[in-house]
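**Student:** Below you will find the structure I want to go over with you.
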Amino acid sequence: MGPMASDDLWADPRGSWLSLVEASKVWAFYGKAAALKDPMPLVNDLLLQGPMAYHIRTGGHGLLLF
């Protein structure tokens, strides 16, 4: 998943999170990371867990340094 911002509702931040939650079960099966659970991280909270990452920054669509 590419960079996402809080105003990018068309990018479905919730759906992206739920996809990662489901995919995390595979990483957990192979012992690479613990399975993720709801709730999704808050805006501007970076989640780094093994090979998985999730982040939504404040603002609109665009590539910015984090």
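A note on labels: chains of the structure tokens are A, B, ... as shown, every chain counts residues from 1, and ligands are counted from 1 in their shown order.
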Which of chain A end up as strand (DSSP E or B) when DSSP is run on this backbone - answer as a ChimeraX atom specification?

**Tutor:** /A:4-5,47-49,52-54,56-57

**Student:** Next, dump the selected residues to file, keeping only all heavy atoms, as a PDB file, in the first residue's frame.

**Tutor:**
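File produced: selection39.pdb:
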```pdb
ATOM      1  N   MET A   4      -0.668   7.073   2.485  1.00  0.00           N
ATOM      2  CA  MET A   4      -2.069   7.415   2.641  1.00  0.00           C
ATOM      3  C   MET A   4      -2.179   8.580   3.618  1.00  0.00           C
ATOM      4  O   MET A   4      -1.404   8.676   4.553  1.00  0.00           O
ATOM      5  CB  MET A   4      -2.836   6.207   3.181  1.00  0.00           C
ATOM      6  CG  MET A   4      -4.281   6.218   2.819  1.00  0.00           C
ATOM      7  SD  MET A   4      -5.222   4.754   3.322  1.00  0.00           S
ATOM      8  CE  MET A   4      -4.100   3.411   3.243  1.00  0.00           C
ATOM      9  N   ALA A   5      -3.174   9.437   3.381  1.00  0.00           N
ATOM     10  CA  ALA A   5      -3.396  10.582   4.263  1.00  0.00           C
ATOM     11  C   ALA A   5      -4.837  10.556   4.768  1.00  0.00           C
ATOM     12  O   ALA A   5      -5.706   9.909   4.189  1.00  0.00           O
ATOM     13  CB  ALA A   5      -3.112  11.886   3.527  1.00  0.00           C
ATOM     14  N   LEU A  47       2.861   2.187  12.764  1.00  0.00           N
ATOM     15  CA  LEU A  47       2.943   0.812  13.236  1.00  0.00           C
ATOM     16  C   LEU A  47       4.010   0.094  12.422  1.00  0.00           C
ATOM     17  O   LEU A  47       3.931   0.046  11.195  1.00  0.00           O
ATOM     18  CB  LEU A  47       1.603   0.090  13.054  1.00  0.00           C
ATOM     19  CG  LEU A  47       1.635  -1.374  13.481  1.00  0.00           C
ATOM     20  CD1 LEU A  47       0.478  -1.670  14.392  1.00  0.00           C
ATOM     21  CD2 LEU A  47       1.624  -2.287  12.283  1.00  0.00           C
ATOM     22  N   LEU A  48       5.035  -0.397  13.086  1.00  0.00           N
ATOM     23  CA  LEU A  48       6.072  -1.236  12.477  1.00  0.00           C
ATOM     24  C   LEU A  48       6.125  -2.525  13.278  1.00  0.00           C
ATOM     25  O   LEU A  48       6.435  -2.494  14.461  1.00  0.00           O
ATOM     26  CB  LEU A  48       7.440  -0.555  12.518  1.00  0.00           C
ATOM     27  CG  LEU A  48       7.654   0.627  11.607  1.00  0.00           C
ATOM     28  CD1 LEU A  48       8.982   1.296  11.903  1.00  0.00           C
ATOM     29  CD2 LEU A  48       7.599   0.202  10.153  1.00  0.00           C
ATOM     30  N   GLN A  49       5.824  -3.633  12.623  1.00  0.00           N
ATOM     31  CA  GLN A  49       5.831  -4.916  13.318  1.00  0.00           C
ATOM     32  C   GLN A  49       6.353  -5.968  12.359  1.00  0.00           C
ATOM     33  O   GLN A  49       5.648  -6.376  11.443  1.00  0.00           O
ATOM     34  CB  GLN A  49       4.415  -5.256  13.797  1.00  0.00           C
ATOM     35  CG  GLN A  49       4.362  -6.509  14.626  1.00  0.00           C
ATOM     36  CD  GLN A  49       3.005  -6.688  15.258  1.00  0.00           C
ATOM     37  OE1 GLN A  49       2.439  -5.775  15.830  1.00  0.00           O
ATOM     38  NE2 GLN A  49       2.476  -7.880  15.149  1.00  0.00           N
ATOM     39  N   MET A  52       5.708  -5.894   8.520  1.00  0.00           N
ATOM     40  CA  MET A  52       4.499  -5.113   8.252  1.00  0.00           C
ATOM     41  C   MET A  52       4.638  -3.684   8.763  1.00  0.00           C
ATOM     42  O   MET A  52       5.288  -3.443   9.768  1.00  0.00           O
ATOM     43  CB  MET A  52       3.291  -5.759   8.941  1.00  0.00           C
ATOM     44  CG  MET A  52       3.003  -7.154   8.483  1.00  0.00           C
ATOM     45  SD  MET A  52       1.649  -7.903   9.403  1.00  0.00           S
ATOM     46  CE  MET A  52       2.396  -8.118  11.013  1.00  0.00           C
ATOM     47  N   ALA A  53       3.989  -2.773   8.042  1.00  0.00           N
ATOM     48  CA  ALA A  53       3.964  -1.373   8.465  1.00  0.00           C
ATOM     49  C   ALA A  53       2.635  -0.758   8.048  1.00  0.00           C
ATOM     50  O   ALA A  53       2.045  -1.147   7.035  1.00  0.00           O
ATOM     51  CB  ALA A  53       5.112  -0.596   7.839  1.00  0.00           C
ATOM     52  N   TYR A  54       2.178   0.211   8.839  1.00  0.00           N
ATOM     53  CA  TYR A  54       0.941   0.925   8.519  1.00  0.00           C
ATOM     54  C   TYR A  54       1.046   2.337   9.078  1.00  0.00           C
ATOM     55  O   TYR A  54       1.460   2.536  10.211  1.00  0.00           O
ATOM     56  CB  TYR A  54      -0.268   0.213   9.149  1.00  0.00           C
ATOM     57  CG  TYR A  54      -1.582   0.784   8.693  1.00  0.00           C
ATOM     58  CD1 TYR A  54      -2.143   0.397   7.493  1.00  0.00           C
ATOM     59  CD2 TYR A  54      -2.246   1.723   9.464  1.00  0.00           C
ATOM     60  CE1 TYR A  54      -3.349   0.934   7.067  1.00  0.00           C
ATOM     61  CE2 TYR A  54      -3.455   2.262   9.045  1.00  0.00           C
ATOM     62  CZ  TYR A  54      -3.999   1.863   7.845  1.00  0.00           C
ATOM     63  OH  TYR A  54      -5.174   2.388   7.424  1.00  0.00           O
ATOM     64  N   ILE A  56      -0.982   6.384   8.515  1.00  0.00           N
ATOM     65  CA  ILE A  56      -1.799   7.404   7.852  1.00  0.00           C
ATOM     66  C   ILE A  56      -1.382   8.738   8.463  1.00  0.00           C
ATOM     67  O   ILE A  56      -1.396   8.909   9.672  1.00  0.00           O
ATOM     68  CB  ILE A  56      -3.305   7.198   8.095  1.00  0.00           C
ATOM     69  CG1 ILE A  56      -3.760   5.878   7.499  1.00  0.00           C
ATOM     70  CG2 ILE A  56      -4.095   8.340   7.484  1.00  0.00           C
ATOM     71  CD1 ILE A  56      -5.226   5.583   7.748  1.00  0.00           C
ATOM     72  N   ARG A  57      -0.987   9.666   7.604  1.00  0.00           N
ATOM     73  CA  ARG A  57      -0.596  10.987   8.088  1.00  0.00           C
ATOM     74  C   ARG A  57      -1.754  11.954   7.927  1.00  0.00           C
ATOM     75  O   ARG A  57      -2.685  11.709   7.176  1.00  0.00           O
ATOM     76  CB  ARG A  57       0.625  11.494   7.335  1.00  0.00           C
ATOM     77  CG  ARG A  57       0.355  11.709   5.872  1.00  0.00           C
ATOM     78  CD  ARG A  57       1.492  12.459   5.186  1.00  0.00           C
ATOM     79  NE  ARG A  57       1.226  12.525   3.762  1.00  0.00           N
ATOM     80  CZ  ARG A  57       0.343  13.336   3.201  1.00  0.00           C
ATOM     81  NH1 ARG A  57      -0.347  14.174   3.933  1.00  0.00           N
ATOM     82  NH2 ARG A  57       0.146  13.326   1.904  1.00  0.00           N
TER      83      ARG A  57
END
```

**Student:** Give me, as a PyMOL selection string, all polymer residues having an atom no more than 12 Å from segment 33-38 of chain A, counting only C-alpha atoms and skipping those fewer than 6 positions away in the same chain.

**Tutor:** chain A and resi 14-15+17-27+47-54

**Student:** DSSP on the backbone: which residues in chain A end up as helix (DSSP H, G or I)? Give the answer as a compact mmCIF listing (two decimals) with all heavy atoms, in the first residue's frame.

**Tutor:**
```txt
# COMPACT_ATOMS: atom_id res chain seq x y z
N LEU A 9 -9.94 9.57 1.70
CA LEU A 9 -10.99 8.60 2.01
C LEU A 9 -11.28 7.68 0.84
O LEU A 9 -11.70 6.54 1.03
CB LEU A 9 -12.25 9.32 2.48
CG LEU A 9 -12.07 10.16 3.75
CD1 LEU A 9 -13.38 10.83 4.13
CD2 LEU A 9 -11.53 9.31 4.89
N TRP A 10 -11.06 8.15 -0.39
CA TRP A 10 -11.27 7.32 -1.57
C TRP A 10 -10.30 6.14 -1.59
O TRP A 10 -10.56 5.13 -2.23
CB TRP A 10 -11.10 8.15 -2.85
CG TRP A 10 -9.78 8.85 -2.90
CD1 TRP A 10 -9.51 10.12 -2.46
CD2 TRP A 10 -8.55 8.33 -3.38
NE1 TRP A 10 -8.18 10.42 -2.63
CE2 TRP A 10 -7.56 9.32 -3.20
CE3 TRP A 10 -8.16 7.13 -3.94
CZ2 TRP A 10 -6.23 9.15 -3.57
CZ3 TRP A 10 -6.83 6.96 -4.30
CH2 TRP A 10 -5.89 7.97 -4.12
N ALA A 11 -9.19 6.23 -0.85
CA ALA A 11 -8.20 5.15 -0.80
C ALA A 11 -8.59 4.08 0.22
O ALA A 11 -7.91 3.07 0.33
CB ALA A 11 -6.82 5.72 -0.46
N PRO A 13 -8.83 3.89 3.86
CA PRO A 13 -7.89 3.57 4.93
C PRO A 13 -8.35 2.41 5.81
O PRO A 13 -7.56 1.56 6.19
CB PRO A 13 -7.79 4.86 5.74
CG PRO A 13 -8.24 5.94 4.83
CD PRO A 13 -9.22 5.30 3.89
N ARG A 14 -9.65 2.34 6.10
CA ARG A 14 -10.17 1.25 6.94
C ARG A 14 -10.02 -0.10 6.24
O ARG A 14 -9.59 -1.09 6.84
CB ARG A 14 -11.64 1.52 7.29
CG ARG A 14 -12.29 0.43 8.09
CD ARG A 14 -11.91 0.53 9.54
NE ARG A 14 -12.60 -0.53 10.28
CZ ARG A 14 -12.06 -1.18 11.28
NH1 ARG A 14 -10.86 -0.88 11.71
NH2 ARG A 14 -12.73 -2.11 11.90
N GLY A 15 -10.37 -0.14 4.97
CA GLY A 15 -10.22 -1.38 4.20
C GLY A 15 -8.78 -1.81 4.08
O GLY A 15 -8.46 -3.00 4.13
N SER A 16 -7.88 -0.84 3.92
CA SER A 16 -6.45 -1.15 3.87
C SER A 16 -5.97 -1.76 5.18
O SER A 16 -5.21 -2.72 5.19
CB SER A 16 -5.64 0.11 3.56
OG SER A 16 -5.99 0.62 2.31
N TRP A 17 -6.43 -1.19 6.28
CA TRP A 17 -6.07 -1.73 7.60
C TRP A 17 -6.59 -3.16 7.76
O TRP A 17 -5.86 -4.05 8.18
CB TRP A 17 -6.59 -0.83 8.71
CG TRP A 17 -6.49 -1.48 10.06
CD1 TRP A 17 -7.51 -1.95 10.82
CD2 TRP A 17 -5.28 -1.76 10.78
NE1 TRP A 17 -7.01 -2.50 11.97
CE2 TRP A 17 -5.65 -2.40 11.97
CE3 TRP A 17 -3.94 -1.54 10.53
CZ2 TRP A 17 -4.72 -2.81 12.91
CZ3 TRP A 17 -3.01 -1.95 11.47
CH2 TRP A 17 -3.40 -2.57 12.64
N LEU A 18 -7.85 -3.38 7.41
CA LEU A 18 -8.43 -4.71 7.56
C LEU A 18 -7.72 -5.74 6.68
O LEU A 18 -7.56 -6.90 7.06
CB LEU A 18 -9.93 -4.68 7.26
CG LEU A 18 -10.76 -3.89 8.28
CD1 LEU A 18 -12.21 -3.81 7.83
CD2 LEU A 18 -10.65 -4.48 9.68
N SER A 19 -7.26 -5.32 5.51
CA SER A 19 -6.46 -6.21 4.65
C SER A 19 -5.15 -6.59 5.33
O SER A 19 -4.73 -7.75 5.28
CB SER A 19 -6.16 -5.53 3.31
OG SER A 19 -7.34 -5.31 2.60
N LEU A 20 -4.52 -5.62 5.97
CA LEU A 20 -3.27 -5.91 6.69
C LEU A 20 -3.52 -6.82 7.88
O LEU A 20 -2.71 -7.72 8.16
CB LEU A 20 -2.60 -4.60 7.13
CG LEU A 20 -1.23 -4.76 7.80
CD1 LEU A 20 -0.23 -5.43 6.86
CD2 LEU A 20 -0.72 -3.41 8.26
N VAL A 21 -4.62 -6.62 8.59
CA VAL A 21 -4.96 -7.49 9.72
C VAL A 21 -5.08 -8.94 9.23
O VAL A 21 -4.54 -9.86 9.85
CB VAL A 21 -6.27 -7.02 10.40
CG1 VAL A 21 -6.80 -8.07 11.37
CG2 VAL A 21 -6.04 -5.71 11.13
N GLU A 22 -5.76 -9.14 8.12
CA GLU A 22 -5.92 -10.50 7.59
C GLU A 22 -4.58 -11.06 7.10
O GLU A 22 -4.26 -12.23 7.36
CB GLU A 22 -6.95 -10.52 6.46
CG GLU A 22 -8.36 -10.26 6.93
CD GLU A 22 -8.83 -11.26 7.98
OE1 GLU A 22 -8.68 -12.47 7.76
OE2 GLU A 22 -9.35 -10.83 9.03
N ALA A 23 -3.79 -10.25 6.42
CA ALA A 23 -2.49 -10.70 5.93
C ALA A 23 -1.54 -11.01 7.08
O ALA A 23 -0.66 -11.88 6.97
CB ALA A 23 -1.87 -9.66 5.01
N SER A 24 -1.71 -10.33 8.20
CA SER A 24 -0.82 -10.55 9.34
C SER A 24 -0.94 -11.98 9.88
O SER A 24 -0.01 -12.50 10.49
CB SER A 24 -1.10 -9.54 10.46
OG SER A 24 -2.32 -9.82 11.13
N LYS A 25 -2.05 -12.62 9.63
CA LYS A 25 -2.23 -14.00 10.08
C LYS A 25 -1.25 -14.93 9.37
O LYS A 25 -0.78 -15.91 9.95
CB LYS A 25 -3.67 -14.44 9.84
CG LYS A 25 -4.66 -13.66 10.68
CD LYS A 25 -6.09 -13.99 10.30
CE LYS A 25 -7.07 -13.10 11.05
NZ LYS A 25 -8.46 -13.35 10.65
N VAL A 26 -0.93 -14.62 8.13
CA VAL A 26 0.05 -15.42 7.38
C VAL A 26 1.44 -15.20 7.97
O VAL A 26 2.19 -16.15 8.18
CB VAL A 26 0.02 -15.07 5.88
CG1 VAL A 26 1.09 -15.84 5.13
CG2 VAL A 26 -1.36 -15.34 5.30
N TRP A 27 1.81 -13.94 8.24
CA TRP A 27 3.11 -13.66 8.85
C TRP A 27 3.21 -14.35 10.21
O TRP A 27 4.26 -14.88 10.56
CB TRP A 27 3.33 -12.15 9.01
CG TRP A 27 3.52 -11.43 7.72
CD1 TRP A 27 2.66 -10.56 7.13
CD2 TRP A 27 4.64 -11.54 6.84
NE1 TRP A 27 3.18 -10.11 5.95
CE2 TRP A 27 4.40 -10.69 5.74
CE3 TRP A 27 5.83 -12.26 6.86
CZ2 TRP A 27 5.29 -10.55 4.69
CZ3 TRP A 27 6.73 -12.11 5.82
CH2 TRP A 27 6.46 -11.27 4.75
N ALA A 28 2.13 -14.36 10.95
CA ALA A 28 2.12 -15.03 12.26
C ALA A 28 2.29 -16.54 12.10
O ALA A 28 3.02 -17.18 12.86
CB ALA A 28 0.83 -14.71 13.01
N PHE A 29 1.65 -17.11 11.11
CA PHE A 29 1.76 -18.54 10.85
C PHE A 29 3.21 -18.94 10.61
O PHE A 29 3.67 -19.99 11.06
CB PHE A 29 0.89 -18.93 9.64
CG PHE A 29 0.98 -20.37 9.26
CD1 PHE A 29 0.28 -21.33 9.97
CD2 PHE A 29 1.77 -20.77 8.20
CE1 PHE A 29 0.36 -22.66 9.62
CE2 PHE A 29 1.87 -22.11 7.85
CZ PHE A 29 1.16 -23.06 8.56
```

**Student:** Enter the distance from atom CA of Gly62 of chain A to atom CA of Asp7 of chain A, in Å, rounded to one decimal.

**Tutor:**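 Answer for the atom CA of Gly62 of chain A to atom CA of Asp7 of chain A separation: 10.4 Å.
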
**Student:** Have a look at atom CA of Gly59 of chain A and atom CA of Ser6 of chain A and let me know their distance in Å, one decimal.

**Tutor:** 5.6 Å
